[in-house]
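K.L.:
My structure is in start.txt, and what it holds is compact mmCIF, C-alpha atoms:
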```txt
# COMPACT_ATOMS: atom_id res chain seq x y z
CA MET A 935 19.30 -7.64 -18.72
CA MET A 936 20.84 -5.34 -16.13
CA ALA A 937 20.39 -6.18 -12.44
CA SER A 938 18.17 -3.97 -10.29
CA ARG A 939 19.05 -1.34 -7.71
CA PHE A 940 17.40 -1.73 -4.30
CA LEU A 941 16.85 0.60 -1.35
CA GLU A 942 16.28 -1.43 1.82
CA LEU A 943 14.94 -0.09 5.10
CA HIS A 944 15.42 -1.94 8.39
CA ILE A 945 13.59 -0.49 11.40
CA LEU A 946 13.46 -1.35 15.09
CA HIS A 947 10.32 0.22 16.53
CA ASN A 948 9.24 0.03 20.15
CA VAL A 949 5.46 0.12 20.47
CA PRO A 950 3.80 0.07 23.92
CA ALA A 951 0.32 -1.27 24.67
CA SER A 952 -1.50 -1.27 21.33
CA ARG A 953 -3.57 -3.26 18.87
CA LEU A 954 -2.34 -2.05 15.51
CA ASN A 955 -3.77 -5.02 13.60
CA SER A 956 -6.49 -7.49 14.63
CA ASN A 957 -7.26 -11.06 13.59
CA GLU A 958 -10.69 -12.48 12.80
CA ASP A 959 -11.42 -12.82 16.53
CA GLY A 960 -10.67 -9.17 17.25
CA GLU A 961 -7.42 -9.96 19.05
CA PRO A 962 -3.95 -8.68 18.12
CA LYS A 963 -2.43 -10.54 15.18
CA SER A 964 0.39 -12.94 15.96
CA LEU A 965 2.71 -15.38 14.24
CA THR A 966 5.03 -18.15 15.34
CA TYR A 967 8.70 -17.72 14.50
CA GLY A 968 11.69 -19.28 16.17
CA ASN A 969 9.31 -21.58 18.07
CA VAL A 970 7.70 -18.71 19.99
CA VAL A 971 4.61 -16.58 19.43
CA ARG A 972 5.34 -13.04 18.26
CA ALA A 973 3.24 -9.92 17.88
CA CYS A 974 2.59 -9.23 14.20
CA VAL A 975 1.35 -6.40 11.99
CA SER A 976 0.48 -7.55 8.49
CA SER A 977 2.15 -6.00 5.47
CA GLN A 978 -1.27 -4.98 4.10
CA CYS A 979 -2.03 -3.08 7.30
CA TRP A 980 1.19 -1.08 7.31
CA LYS A 981 1.12 -0.62 3.52
CA HIS A 982 -2.32 0.97 3.87
CA ALA A 983 -0.90 3.49 6.35
CA VAL A 984 2.10 4.15 4.09
CA ARG A 985 -0.10 4.68 1.04
CA HIS A 986 -2.32 7.26 2.72
CA THR A 987 0.66 9.08 4.21
CA ILE A 988 2.26 9.42 0.76
CA GLU A 989 -0.99 10.61 -0.79
CA GLU A 990 -1.44 13.25 1.90
CA GLN A 991 2.12 14.50 1.42
CA ALA A 992 1.93 14.49 -2.39
CA GLN A 993 -1.69 15.73 -2.53
CA GLU A 994 -2.33 13.05 -5.15
CA TYR A 995 -4.96 10.52 -4.21
CA ALA A 996 -5.95 7.08 -5.44
CA THR A 997 -8.97 4.99 -4.56
CA ARG A 998 -9.73 1.26 -4.36
CA THR A 999 -13.34 0.55 -5.23
CA ARG A 1000 -15.92 -1.75 -6.75
CA ASN A 1001 -18.43 1.08 -6.80
CA LEU A 1002 -17.25 3.01 -9.87
CA PRO A 1003 -20.66 2.85 -11.67
CA TYR A 1004 -22.45 3.99 -8.51
CA ARG A 1005 -20.08 6.90 -7.87
CA LEU A 1006 -20.08 7.95 -11.53
CA THR A 1007 -23.89 7.97 -11.46
CA GLU A 1008 -23.77 10.29 -8.45
CA HIS A 1009 -21.21 12.50 -10.17
CA LEU A 1010 -23.25 12.82 -13.37
CA THR A 1011 -26.46 13.46 -11.43
CA ALA A 1012 -24.72 16.24 -9.52
CA ASP A 1013 -23.74 17.69 -12.93
CA GLY A 1014 -27.42 17.90 -13.88
CA TRP A 1015 -27.95 14.61 -15.72
CA PRO A 1016 -31.32 12.87 -15.23
CA PRO A 1017 -30.78 9.96 -12.79
CA ASP A 1018 -31.85 7.27 -15.28
CA LEU A 1019 -29.56 8.61 -17.99
CA ALA A 1020 -26.69 8.97 -15.49
CA ALA A 1021 -27.10 5.33 -14.44
CA TYR A 1022 -27.22 4.23 -18.08
CA ALA A 1023 -24.04 6.16 -18.93
CA ALA A 1024 -22.18 4.76 -15.90
CA ALA A 1025 -23.15 1.22 -16.88
CA GLU A 1026 -21.96 1.93 -20.43
CA VAL A 1027 -18.55 3.00 -19.10
CA ALA A 1028 -18.16 -0.39 -17.40
CA ARG A 1029 -19.42 -2.18 -20.53
CA CYS A 1030 -16.95 -0.39 -22.79
CA ALA A 1031 -13.84 -1.04 -20.68
CA GLY A 1032 -11.34 -3.57 -21.97
CA PRO A 1033 -12.06 -6.24 -24.57
CA LYS A 1034 -14.99 -7.74 -22.62
CA GLY A 1035 -16.03 -4.98 -20.27
CA LEU A 1036 -15.99 -5.06 -16.47
CA SER A 1037 -18.13 -7.85 -15.04
CA PRO A 1038 -20.88 -6.73 -12.67
CA GLY A 1039 -20.49 -7.21 -8.93
CA LYS A 1040 -22.96 -8.61 -6.43
CA GLU A 1041 -24.25 -5.18 -5.48
CA PRO A 1042 -26.19 -3.01 -7.94
CA GLN A 1043 -24.01 -0.58 -9.89
CA SER A 1044 -20.77 -2.30 -8.91
CA THR A 1045 -17.99 -4.25 -10.60
CA SER A 1046 -16.69 -7.66 -9.61
CA THR A 1047 -13.14 -6.35 -10.08
CA MET A 1048 -11.63 -4.19 -7.34
CA LEU A 1049 -10.33 -1.18 -9.25
CA TYR A 1050 -7.37 0.94 -8.13
CA LEU A 1051 -7.71 4.33 -9.79
CA PRO A 1052 -6.70 7.96 -9.48
CA ALA A 1053 -9.35 9.57 -7.29
CA ASP A 1054 -10.05 12.24 -9.94
CA VAL A 1055 -11.03 9.62 -12.55
CA LEU A 1056 -14.70 10.60 -12.18
CA THR A 1057 -14.00 14.01 -13.68
CA GLY A 1058 -12.46 12.48 -16.79
CA LEU A 1059 -15.17 9.85 -17.17
CA ALA A 1060 -17.89 12.46 -16.75
CA ALA A 1061 -16.30 14.57 -19.47
CA LEU A 1062 -16.16 11.54 -21.77
CA CYS A 1063 -19.84 10.82 -21.15
CA GLN A 1064 -20.70 14.46 -21.77
CA ALA A 1065 -18.90 14.36 -25.12
CA HIS A 1066 -21.11 11.41 -26.16
CA ARG A 1067 -24.28 12.47 -24.36
CA ASP A 1068 -26.46 12.60 -27.47
CA VAL A 1069 -25.60 9.00 -28.41
CA LEU A 1070 -26.12 7.84 -24.82
CA THR A 1071 -29.47 9.66 -24.61
CA GLN A 1072 -30.78 8.02 -27.79
CA ALA A 1073 -29.62 4.57 -26.68
CA ALA A 1074 -31.13 5.04 -23.22
CA LYS A 1075 -34.48 6.06 -24.77
CA LYS A 1076 -34.49 2.97 -26.98
CA ALA A 1077 -33.70 0.78 -23.96
CA ALA A 1078 -36.55 2.41 -22.01
CA ASP A 1079 -38.96 1.89 -24.94
CA ARG A 1080 -38.03 -1.79 -25.14
CA ALA A 1081 -38.53 -2.12 -21.40
CA SER A 1082 -41.98 -0.53 -21.59
CA GLN A 1083 -43.02 -3.03 -24.28
CA ALA A 1084 -41.81 -6.01 -22.23
CA ALA A 1085 -44.15 -8.28 -20.30
CA PRO A 1086 -45.48 -6.71 -17.07
CA ASP A 1087 -43.59 -9.20 -14.92
CA THR A 1088 -40.26 -8.54 -16.69
CA PRO A 1089 -38.07 -6.20 -14.61
CA PRO A 1090 -36.95 -3.20 -16.72
CA PRO A 1091 -33.17 -3.07 -17.24
CA ALA A 1092 -31.38 -0.01 -15.94
CA ALA A 1093 -29.06 -0.27 -18.93
CA ARG A 1094 -27.79 -2.87 -21.34
CA LYS A 1095 -26.85 -6.26 -20.02
CA PRO A 1096 -23.53 -5.85 -18.19
CA ALA A 1097 -20.31 -7.39 -19.42
CA GLY A 1098 -19.73 -11.04 -18.68
CA LYS A 1099 -23.28 -12.05 -19.66
CA LYS A 1100 -24.35 -13.40 -23.04
CA ARG A 1101 -25.92 -10.65 -25.11
CA ARG A 1102 -27.11 -10.23 -28.65
CA THR A 1103 -25.47 -6.86 -29.22
CA ALA A 1104 -22.31 -6.93 -31.32
CA PRO A 1105 -19.00 -5.63 -29.97
CA ASP A 1106 -19.08 -2.69 -32.40
CA THR A 1107 -22.26 -1.29 -30.79
CA ARG A 1108 -20.31 0.17 -27.87
CA LEU A 1109 -21.36 3.76 -27.34
CA LEU A 1110 -18.12 5.04 -25.81
CA PRO A 1111 -14.64 4.68 -27.33
CA THR A 1112 -12.94 1.81 -25.53
CA ALA A 1113 -9.50 3.34 -25.96
CA ASP A 1114 -10.58 6.50 -24.09
CA VAL A 1115 -12.25 4.53 -21.29
CA ASN A 1116 -9.19 2.30 -20.94
CA ALA A 1117 -6.86 5.30 -20.83
CA LEU A 1118 -8.77 6.79 -17.90
CA LEU A 1119 -9.10 3.52 -15.97
CA THR A 1120 -5.41 2.62 -16.40
CA ASP A 1121 -4.06 6.04 -15.45
CA ARG A 1122 -1.61 6.02 -12.53
CA THR A 1123 -0.69 7.97 -9.43
CA GLY A 1124 2.53 7.89 -7.47
CA THR A 1125 1.22 5.25 -5.06
CA ILE A 1126 0.07 3.05 -7.95
CA ASN A 1127 3.57 3.25 -9.42
CA LEU A 1128 5.03 2.37 -6.03
CA LEU A 1129 2.66 -0.32 -4.79
CA GLY A 1130 1.47 -1.77 -8.08
CA ARG A 1131 -1.97 -2.71 -9.37
CA MET A 1132 -3.62 -5.94 -10.52
CA LEU A 1133 -6.06 -5.17 -13.33
CA THR A 1134 -6.13 -7.92 -15.93
CA ASP A 1135 -9.51 -6.91 -17.40
CA ILE A 1136 -7.92 -4.01 -19.30
CA PRO A 1137 -4.74 -4.27 -21.41
CA GLY A 1138 -1.96 -2.30 -19.73
CA GLY A 1139 -3.90 -2.05 -16.48
CA THR A 1140 -1.58 -4.19 -14.38
CA VAL A 1141 1.40 -2.40 -12.81
CA SER A 1142 4.19 -4.39 -11.16
CA GLY A 1143 4.77 -2.98 -7.70
CA ALA A 1144 8.19 -1.56 -6.88
CA VAL A 1145 7.76 -2.03 -3.12
CA ASP A 1146 8.22 -5.26 -1.13
CA LEU A 1147 6.95 -4.80 2.42
CA ALA A 1148 7.24 -7.54 5.03
CA PRO A 1149 4.94 -8.17 7.99
CA ALA A 1150 6.32 -6.47 11.08
CA PHE A 1151 6.96 -8.83 14.00
CA SER A 1152 8.25 -8.59 17.54
CA VAL A 1153 11.89 -9.52 18.02
CA HIS A 1154 10.89 -11.32 21.21
CA ALA A 1155 8.10 -13.58 22.42
CA ALA A 1156 4.92 -11.55 22.87
CA ASP A 1157 1.54 -12.81 24.07
CA SER A 1158 -1.73 -10.88 23.99
CA GLN A 1159 -2.54 -9.21 27.30
CA PRO A 1160 -6.13 -8.75 28.50
CA ASP A 1161 -7.55 -5.36 29.40
CA TRP A 1162 -10.83 -5.63 31.29
CA PHE A 1163 -12.75 -2.37 31.07
CA THR A 1164 -16.10 -0.85 31.89
CA ALA A 1165 -18.04 2.11 30.53
CA VAL A 1166 -19.67 4.09 33.31
CA GLU A 1167 -23.37 4.97 33.11
CA ASP A 1168 -23.50 8.70 33.84
CA TRP A 1169 -27.27 8.65 34.41
CA PRO A 1170 -27.73 5.49 36.50
CA ARG A 1171 -31.12 4.42 37.76
CA PRO A 1172 -31.63 3.96 41.47
CA GLY A 1173 -30.25 0.67 42.69
CA THR A 1174 -27.95 0.09 39.71
CA SER A 1175 -24.17 -0.11 39.83
CA GLY A 1176 -23.60 2.59 37.24
CA SER A 1177 -21.79 0.34 34.77
CA ALA A 1178 -23.32 0.52 31.28
CA HIS A 1179 -20.95 -1.83 29.52
CA MET A 1180 -18.21 -4.29 30.49
CA ASP A 1181 -15.86 -6.18 28.20
CA THR A 1182 -12.31 -7.43 27.76
CA ALA A 1183 -10.03 -6.09 25.05
CA TYR A 1184 -6.57 -7.38 24.19
CA PHE A 1185 -3.36 -5.61 23.35
CA THR A 1186 0.33 -6.36 22.90
CA THR A 1187 3.59 -4.59 23.68
CA ALA A 1188 6.47 -5.17 21.31
CA THR A 1189 9.76 -4.08 19.84
CA LEU A 1190 9.05 -4.65 16.17
CA TYR A 1191 11.39 -5.42 13.29
CA ARG A 1192 10.05 -3.73 10.17
CA TYR A 1193 11.50 -4.26 6.69
CA ALA A 1194 10.76 -2.79 3.29
CA CYS A 1195 12.57 -2.94 -0.03
CA LEU A 1196 12.09 -0.45 -2.88
CA ASN A 1197 13.21 -1.56 -6.33
CA ILE A 1198 14.57 1.70 -7.74
CA THR A 1199 14.94 0.23 -11.23
CA ASP A 1200 11.28 -0.86 -11.37
CA LEU A 1201 10.10 2.45 -9.94
CA GLN A 1202 11.93 4.42 -12.60
CA ARG A 1203 10.49 2.08 -15.24
CA ASN A 1204 6.98 2.60 -13.86
CA THR A 1205 7.25 6.38 -13.77
CA GLY A 1206 9.35 6.90 -16.88
CA ASP A 1207 10.77 9.96 -15.17
CA LEU A 1208 13.96 10.08 -13.10
CA ASP A 1209 12.99 13.15 -11.07
CA HIS A 1210 9.54 11.73 -10.30
CA ALA A 1211 11.08 8.41 -9.22
CA ARG A 1212 13.50 10.27 -6.96
CA ARG A 1213 10.68 12.24 -5.33
CA LEU A 1214 8.59 9.09 -4.80
CA THR A 1215 11.61 7.38 -3.23
CA ALA A 1216 11.95 10.17 -0.68
CA LEU A 1217 8.19 10.17 0.01
CA PHE A 1218 8.09 6.41 0.47
CA THR A 1219 11.13 6.40 2.79
CA GLU A 1220 9.62 9.10 4.97
CA ALA A 1221 6.20 7.44 4.99
CA PHE A 1222 7.57 4.02 5.92
CA ILE A 1223 9.56 5.53 8.79
CA LEU A 1224 6.82 7.72 10.22
CA SER A 1225 3.48 6.10 9.31
CA MET A 1226 1.54 4.18 11.94
CA PRO A 1227 -1.58 1.99 11.56
CA GLN A 1228 -4.56 3.70 13.14
CA ALA A 1229 -6.44 0.78 14.74
CA LYS A 1230 -7.37 1.49 18.37
CA ARG A 1231 -5.52 4.80 18.11
CA THR A 1232 -7.81 6.72 20.44
CA SER A 1233 -7.63 4.13 23.22
CA THR A 1234 -3.90 3.29 23.02
CA ALA A 1235 -2.17 6.36 21.50
CA PRO A 1236 0.79 4.32 20.16
CA HIS A 1237 2.52 7.43 18.79
CA THR A 1238 6.13 6.31 19.16
CA LEU A 1239 9.08 6.88 16.82
CA PRO A 1240 11.30 4.15 15.41
CA HIS A 1241 14.31 3.70 17.66
CA LEU A 1242 16.65 2.69 14.84
CA VAL A 1243 16.41 3.19 11.08
CA HIS A 1244 19.07 1.52 8.94
CA TYR A 1245 19.26 1.65 5.14
CA THR A 1246 21.29 -0.20 2.56
CA ILE A 1247 21.64 0.41 -1.18
CA ARG A 1248 22.32 -2.83 -3.05
CA ASP A 1249 22.43 -4.15 -6.56
CA ARG A 1250 21.37 -7.61 -7.77
CA ARG A 1251 19.19 -8.71 -4.82
CA PRO A 1252 17.78 -7.41 -1.53
CA VAL A 1253 18.54 -8.93 1.89
CA SER A 1254 16.16 -8.96 4.87
CA TYR A 1255 17.65 -9.06 8.36
CA ALA A 1256 14.63 -10.89 9.79
CA PRO A 1257 16.67 -14.07 10.51
CA ALA A 1258 18.63 -12.03 13.05
CA PHE A 1259 15.60 -12.44 15.30
CA GLU A 1260 14.76 -16.08 14.64
CA PRO A 1261 16.27 -16.73 18.09
CA PRO A 1262 13.96 -14.53 20.18
CA VAL A 1263 15.74 -11.63 21.86
CA LYS A 1264 16.10 -11.96 25.62
CA ALA A 1265 15.83 -8.89 27.82
CA PRO A 1266 18.40 -8.41 30.57
CA ARG A 1267 17.18 -8.44 34.15
CA ALA A 1268 17.21 -4.64 34.41
CA GLY A 1269 16.46 -3.64 30.83
CA GLY A 1270 14.22 -3.98 27.78
CA TYR A 1271 14.46 -5.56 24.37
CA THR A 1272 15.65 -2.63 22.28
CA THR A 1273 19.37 -2.69 23.13
CA PRO A 1274 19.83 -6.45 22.61
CA ALA A 1275 17.76 -6.19 19.41
CA ILE A 1276 20.18 -3.57 18.07
CA GLN A 1277 23.08 -5.86 18.93
CA SER A 1278 21.44 -8.76 17.08
CA LEU A 1279 20.75 -6.63 14.01
CA CYS A 1280 24.33 -5.30 13.91
CA ALA A 1281 25.74 -8.81 14.22
CA TYR A 1282 23.56 -10.11 11.41
CA ALA A 1283 24.41 -7.16 9.16
CA ALA A 1284 28.11 -7.90 9.68
CA ALA A 1285 27.56 -11.59 8.91
CA THR A 1286 25.69 -10.63 5.73
CA ASP A 1287 28.60 -8.45 4.62
CA ARG A 1288 30.99 -11.33 5.28
CA LEU A 1289 28.94 -13.78 3.22
CA LEU A 1290 28.03 -11.49 0.32
CA GLY A 1291 30.92 -9.10 0.34
CA THR A 1292 30.35 -5.38 -0.08
CA THR A 1293 31.00 -4.94 -3.81
CA HIS A 1294 27.30 -4.61 -4.56
CA ARG A 1295 26.37 -2.74 -1.38
CA HIS A 1296 26.99 0.81 -2.51
CA ALA A 1297 25.89 2.73 0.57
CA HIS A 1298 24.55 2.18 4.06
CA GLY A 1299 23.78 4.30 7.07
CA TYR A 1300 21.55 4.74 10.10
CA THR A 1301 20.02 7.06 12.61
CA THR A 1302 19.02 6.19 16.14
CA LEU A 1303 17.59 7.67 19.32
CA ASP A 1304 20.84 6.73 21.02
CA GLU A 1305 24.07 8.55 20.32
CA ASP A 1306 26.16 5.39 20.38
CA GLU A 1307 28.17 4.68 17.25
CA LEU A 1308 27.02 1.54 15.44
CA PRO A 1309 28.72 -0.55 12.73
CA LEU A 1310 25.92 0.20 10.25
CA GLY A 1311 27.59 2.71 7.95
CA THR A 1312 27.25 6.47 8.01
CA ALA A 1313 25.64 7.93 11.13
CA HIS A 1314 22.96 10.53 10.36
CA ARG A 1315 21.67 13.10 12.80
CA GLY A 1316 18.00 12.40 12.19
CA TYR A 1317 15.36 11.05 9.84
CA HIS A 1318 15.52 14.00 7.44
CA ASP A 1319 19.27 13.69 6.93
CA LEU A 1320 18.94 9.92 6.46
CA ILE A 1321 16.13 10.28 3.90
CA THR A 1322 18.12 12.83 1.91
CA ALA A 1323 21.27 10.70 1.98
CA CYS A 1324 19.70 7.37 1.08
CA THR A 1325 17.63 8.90 -1.73
CA ALA A 1326 20.74 10.47 -3.24
CA ALA A 1327 22.68 7.21 -2.89
CA ALA A 1328 19.88 5.21 -4.48
CA PHE A 1329 20.17 7.25 -7.68
CA THR A 1330 23.96 7.54 -7.77
CA PRO A 1331 25.27 5.73 -10.89
CA THR A 1332 26.92 2.41 -10.26
CA PRO A 1333 30.72 2.37 -10.68
CA GLN A 1334 31.87 0.14 -13.52
CA PRO A 1335 35.00 -1.74 -12.43
CA ALA A 1336 35.69 -5.22 -13.74
CA ALA A 1337 32.68 -7.27 -12.77
CA GLU A 1338 32.94 -10.11 -10.31
CA SER A 1339 32.47 -13.68 -11.51
CA GLY A 1340 32.14 -12.51 -15.12
CA LEU A 1341 28.67 -11.04 -14.43
CA ASP A 1342 27.58 -7.67 -15.73
CA THR A 1343 27.79 -4.73 -13.37
CA PRO A 1344 24.24 -3.34 -13.06
CA LEU A 1345 23.33 0.14 -14.19
CA LEU A 1346 20.33 2.29 -13.42
CA PRO A 1347 17.84 2.34 -16.34
CA ALA A 1348 18.83 5.88 -17.32
CA GLN A 1349 22.44 4.77 -17.64
CA ALA A 1350 21.49 1.71 -19.67
CA ALA A 1351 19.49 3.87 -22.08
CA ALA A 1352 22.38 6.31 -22.46
CA ALA A 1353 24.83 3.47 -23.10
CA SER A 1354 22.69 1.89 -25.83
```
What does this structure look like when you write it as structure tokens?
P.N.:
Amino acid sequence: MMASRFLELHILHNVPASRLNSNEDGEPKSLTYGNVVRACVSSQCWKHAVRHTIEEQAQEYATRTRNLPYRLTEHLTADGWPPDLAAYAAAEVARCAGPKGLSPGKEPQSTSTMLYLPADVLTGLAALCQAHRDVLTQAAKKAADRASQAAPDTPPPAARKPAGKKRRTAPDTRLLPTADVNALLTDRTGTINLLGRMLTDIPGGTVSGAVDLAPAFSVHAADSQPDWFTAVEDWPRPGTSGSAHMDTAYFTTATLYRYACLNITDLQRNTGDLDHARRLTALFTEAFILSMPQAKRTSTAPHTLPHLVHYTIRDRRPVSYAPAFEPPVKAPRAGGYTTPAIQSLCAYAAATDRLLGTTHRHAHGYTTLDEDELPLGTAHRGYHDLITACTAAAFTPTPQPAAESGLDTPLLPAQAAAAS
């Protein structure tokens, strides 16, 4: 098996007073690292922002939902189906998915499994139901007749018993072709190919994600800071102070270290298309650099740009520079944390090169708000130049000199296929 190709992104991002990610108590998330408390933004939070940024740029949307039967019912009803028949057809879609169907959720017309689907899946499912409308209509009428003959205190079923429950019907009584339902529910978008999907209910539904994204954390100690505020009553009654609401919110200020790793080999395997993988790589790189979680956006406006973006292209295994900040960065008396953080990152990058060597680091570069030259590879004028350069480097074939330590020199999948 050939080793993988990785694109790594290391970012230092100065964020002023903000609350990008909250804990269960409504306060800014934090973690302890290097024996001090740091500000933290979870990987799920930033990944959500990245996903939506990519979808906006690509105009290709995906949706996470348990409400597929409910939304399909709405879609069919809007197409002119009677509501009862639409609900029956939507339930049949869930029943016909996978070998055992999709188990029902706690809410009516929901699934227990969180699905991750192309947003246009409703159009395809509606067309499938339309193609089998006569069969669905007859089955729905029989179900309604059975319900009308049931005891008065027996609640009429909206459709057949959902999957996951014992039923007398045989597997071959499914009204929709399982293969067609599965094909629609396991279809992919660019973000599904990038971020992956867990869907074990349907064969072929699970997609291994090509992106590893770490929680962002402050390179220095950072405690939550209180912000006492009041909302003024514009129409106060006589004798009142004019304050309609008082409360205390919390925020943090931080210079964050952000790290993401894109497995180019897995992405190309997921897409099956070199050009599509290259475009997704550029979209992901741009989105990770520029996206920002939107929590408390209107009251903090944390619209800052990353101060430093550094990329590396490696084979075999990725390397995070997070340990560079295990000793919390100390600010000088007359300065902030950004400059010493850059120094720590550069020192750790150099130490990594010394330990690993540079044989399997095929490219590296950076761009920064400063114009100082840094020992981080090729200097790029701005984000656009960096994105173009690192995307090209990520898909440049690996040279094939004599391999170190008797191990195979890794190739990109396209090269491996051509060599076989």
K.L.:
Skip Phe1185 (chain A) itself and residues of its chain fewer than 4 positions away, then list as an mmCIF file with C-alpha atoms, keeping the file's coordinate frame all residues within 12 Å of it, counting all atoms listed in the file.
P.N.:
```cif
data_model
loop_
_atom_site.group_PDB
_atom_site.id
_atom_site.type_symbol
_atom_site.label_atom_id
_atom_site.label_comp_id
_atom_site.auth_asym_id
_atom_site.auth_seq_id
_atom_site.Cartn_x
_atom_site.Cartn_y
_atom_site.Cartn_z
ATOM 1 C CA VAL A 949 5.460 0.120 20.470
ATOM 2 C CA PRO A 950 3.800 0.070 23.920
ATOM 3 C CA ALA A 951 0.320 -1.270 24.670
ATOM 4 C CA SER A 952 -1.500 -1.270 21.330
ATOM 5 C CA ARG A 953 -3.570 -3.260 18.870
ATOM 6 C CA LEU A 954 -2.340 -2.050 15.510
ATOM 7 C CA ASN A 955 -3.770 -5.020 13.600
ATOM 8 C CA SER A 956 -6.490 -7.490 14.630
ATOM 9 C CA ASN A 957 -7.260 -11.060 13.590
ATOM 10 C CA GLY A 960 -10.670 -9.170 17.250
ATOM 11 C CA GLU A 961 -7.420 -9.960 19.050
ATOM 12 C CA PRO A 962 -3.950 -8.680 18.120
ATOM 13 C CA LYS A 963 -2.430 -10.540 15.180
ATOM 14 C CA SER A 964 0.390 -12.940 15.960
ATOM 15 C CA ALA A 973 3.240 -9.920 17.880
ATOM 16 C CA CYS A 974 2.590 -9.230 14.200
ATOM 17 C CA ALA A 1156 4.920 -11.550 22.870
ATOM 18 C CA ASP A 1157 1.540 -12.810 24.070
ATOM 19 C CA SER A 1158 -1.730 -10.880 23.990
ATOM 20 C CA GLN A 1159 -2.540 -9.210 27.300
ATOM 21 C CA PRO A 1160 -6.130 -8.750 28.500
ATOM 22 C CA ASP A 1161 -7.550 -5.360 29.400
ATOM 23 C CA TRP A 1162 -10.830 -5.630 31.290
ATOM 24 C CA ALA A 1229 -6.440 0.780 14.740
ATOM 25 C CA LYS A 1230 -7.370 1.490 18.370
ATOM 26 C CA ARG A 1231 -5.520 4.800 18.110
ATOM 27 C CA SER A 1233 -7.630 4.130 23.220
ATOM 28 C CA THR A 1234 -3.900 3.290 23.020
ATOM 29 C CA PRO A 1236 0.790 4.320 20.160
#
```
K.L.:
Nearest residue to Leu1239 (chain A) out of A:Thr1189, A:Thr1057, A:Thr1273, A:Thr1134, using only C-alpha atoms?
P.N.:
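Ranked by minimum distance to Leu1239 (chain A), first place goes to A:Thr1189.
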K.L.:
Within 9 Å of (3.4, 14.4, -2.9) (file coordinates; only C-alpha atoms), which protein or nucleic acid residues are there? I'd like them as a ChimeraX atom specification.
P.N.:
/A:988-994,1124,1213-1214,1217
K.L.:
My list of candidates is A:Pro1262, A:Gly1311, A:Gly1269, A:Pro1227. Which is closest to His986 (chain A) when distances are computed with only C-alpha atoms?
P.N.:
A:Pro1227
K.L.:
Could you jot down the CA of Tyr1193 (chain A) to CA of Tyr1255 (chain A) separation for me, Å, one decimal place?
P.N.:
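For CA of Tyr1193 (chain A) relative to CA of Tyr1255 (chain A), the distance reads 8.0 Å.
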K.L.:
What are the closest atom pairs, with distances in Å to one decimal, for each residue of region 1176-1260 of chain A lying within 9 Å of region 1317-1328 of chain A, using all atoms listed in the file, rows by chain and rising residue number, as a tab-separated table?
P.N.:
```
residue	atom	partner	partner_atom	distance
A:Ile1198	CA	A:Ala1328	CA	7.2
A:Arg1212	CA	A:Thr1325	CA	6.8
A:Arg1213	CA	A:Thr1325	CA	8.5
A:Thr1215	CA	A:Thr1325	CA	6.4
A:Ala1216	CA	A:Thr1325	CA	5.9
A:Leu1217	CA	A:Ile1321	CA	8.8
A:Thr1219	CA	A:Ile1321	CA	6.4
A:Glu1220	CA	A:Ile1321	CA	6.7
A:Ile1223	CA	A:Tyr1317	CA	8.1
A:Val1243	CA	A:Tyr1317	CA	8.0
A:His1244	CA	A:Leu1320	CA	8.8
A:Tyr1245	CA	A:Cys1324	CA	7.0
A:Thr1246	CA	A:Cys1324	CA	7.9
A:Ile1247	CA	A:Ala1328	CA	6.1
A:Arg1248	CA	A:Ala1328	CA	8.5
```
K.L.:
Where does region 1137-1219 of chain A meet region 940-945 of chain A within 6 Å, residue by residue, with the nearest atom pair and distance in Å to one decimal for each, counting only C-alpha atoms, listed by chain and rising number, as CSV?
P.N.:
```
residue,atom,partner,partner_atom,distance
A:Tyr1191,CA,A:Ile945,CA,5.7
A:Arg1192,CA,A:Ile945,CA,5.0
A:Tyr1193,CA,A:His944,CA,4.9
A:Ala1194,CA,A:Leu943,CA,5.3
A:Cys1195,CA,A:Glu942,CA,4.4
A:Leu1196,CA,A:Leu941,CA,5.1
A:Asn1197,CA,A:Phe940,CA,4.7
A:Ile1198,CA,A:Phe940,CA,5.6
```
K.L.:
Restricting the output to C-alpha atoms, write the selected residues as a JSON list (two decimals), in the frame of the given file.
P.N.:
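After the write, again.json holds the following:
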```
[["chain", "number", "residue", "atom", "x", "y", "z"],
["A", 1191, "TYR", "CA", 11.39, -5.42, 13.29],
["A", 1192, "ARG", "CA", 10.05, -3.73, 10.17],
["A", 1193, "TYR", "CA", 11.50, -4.26, 6.69],
["A", 1194, "ALA", "CA", 10.76, -2.79, 3.29],
["A", 1195, "CYS", "CA", 12.57, -2.94, -0.03],
["A", 1196, "LEU", "CA", 12.09, -0.45, -2.88],
["A", 1197, "ASN", "CA", 13.21, -1.56, -6.33],
["A", 1198, "ILE", "CA", 14.57, 1.70, -7.74]]
```
K.L.:
Could you check which of A:Val1069, A:Ala1283, A:Ala1275, A:Leu1242 is closest to Ala1313 (chain A), using only C-alpha atoms?
P.N.:
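Selected residue with least distance to Ala1313 (chain A): A:Leu1242.
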K.L.:
Using all atoms listed in the file, which residues sit within 12 Å of Pro1257 (chain A) once same-chain residues fewer than 2 positions away are excluded, as a ChimeraX atom specification?
P.N.:
/A:967-968,1151,1153,1191,1193,1253-1255,1259-1263,1275,1278-1279,1281-1283,1285-1286
K.L.:
Find the residue from A:Gly1299, A:Asp1146, A:Ile1136, A:Ala1031 that sits nearest to His1314 (chain A); use all atoms listed in the file when measuring.
P.N.:
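For His1314 (chain A), the nearest of the candidates is A:Gly1299.
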K.L.:
Between CA of Val984 (chain A) and CA of Leu1224 (chain A), what distance in Å does the model show, to one decimal?
P.N.:
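That distance, rounded to one decimal, is 8.5 Å.
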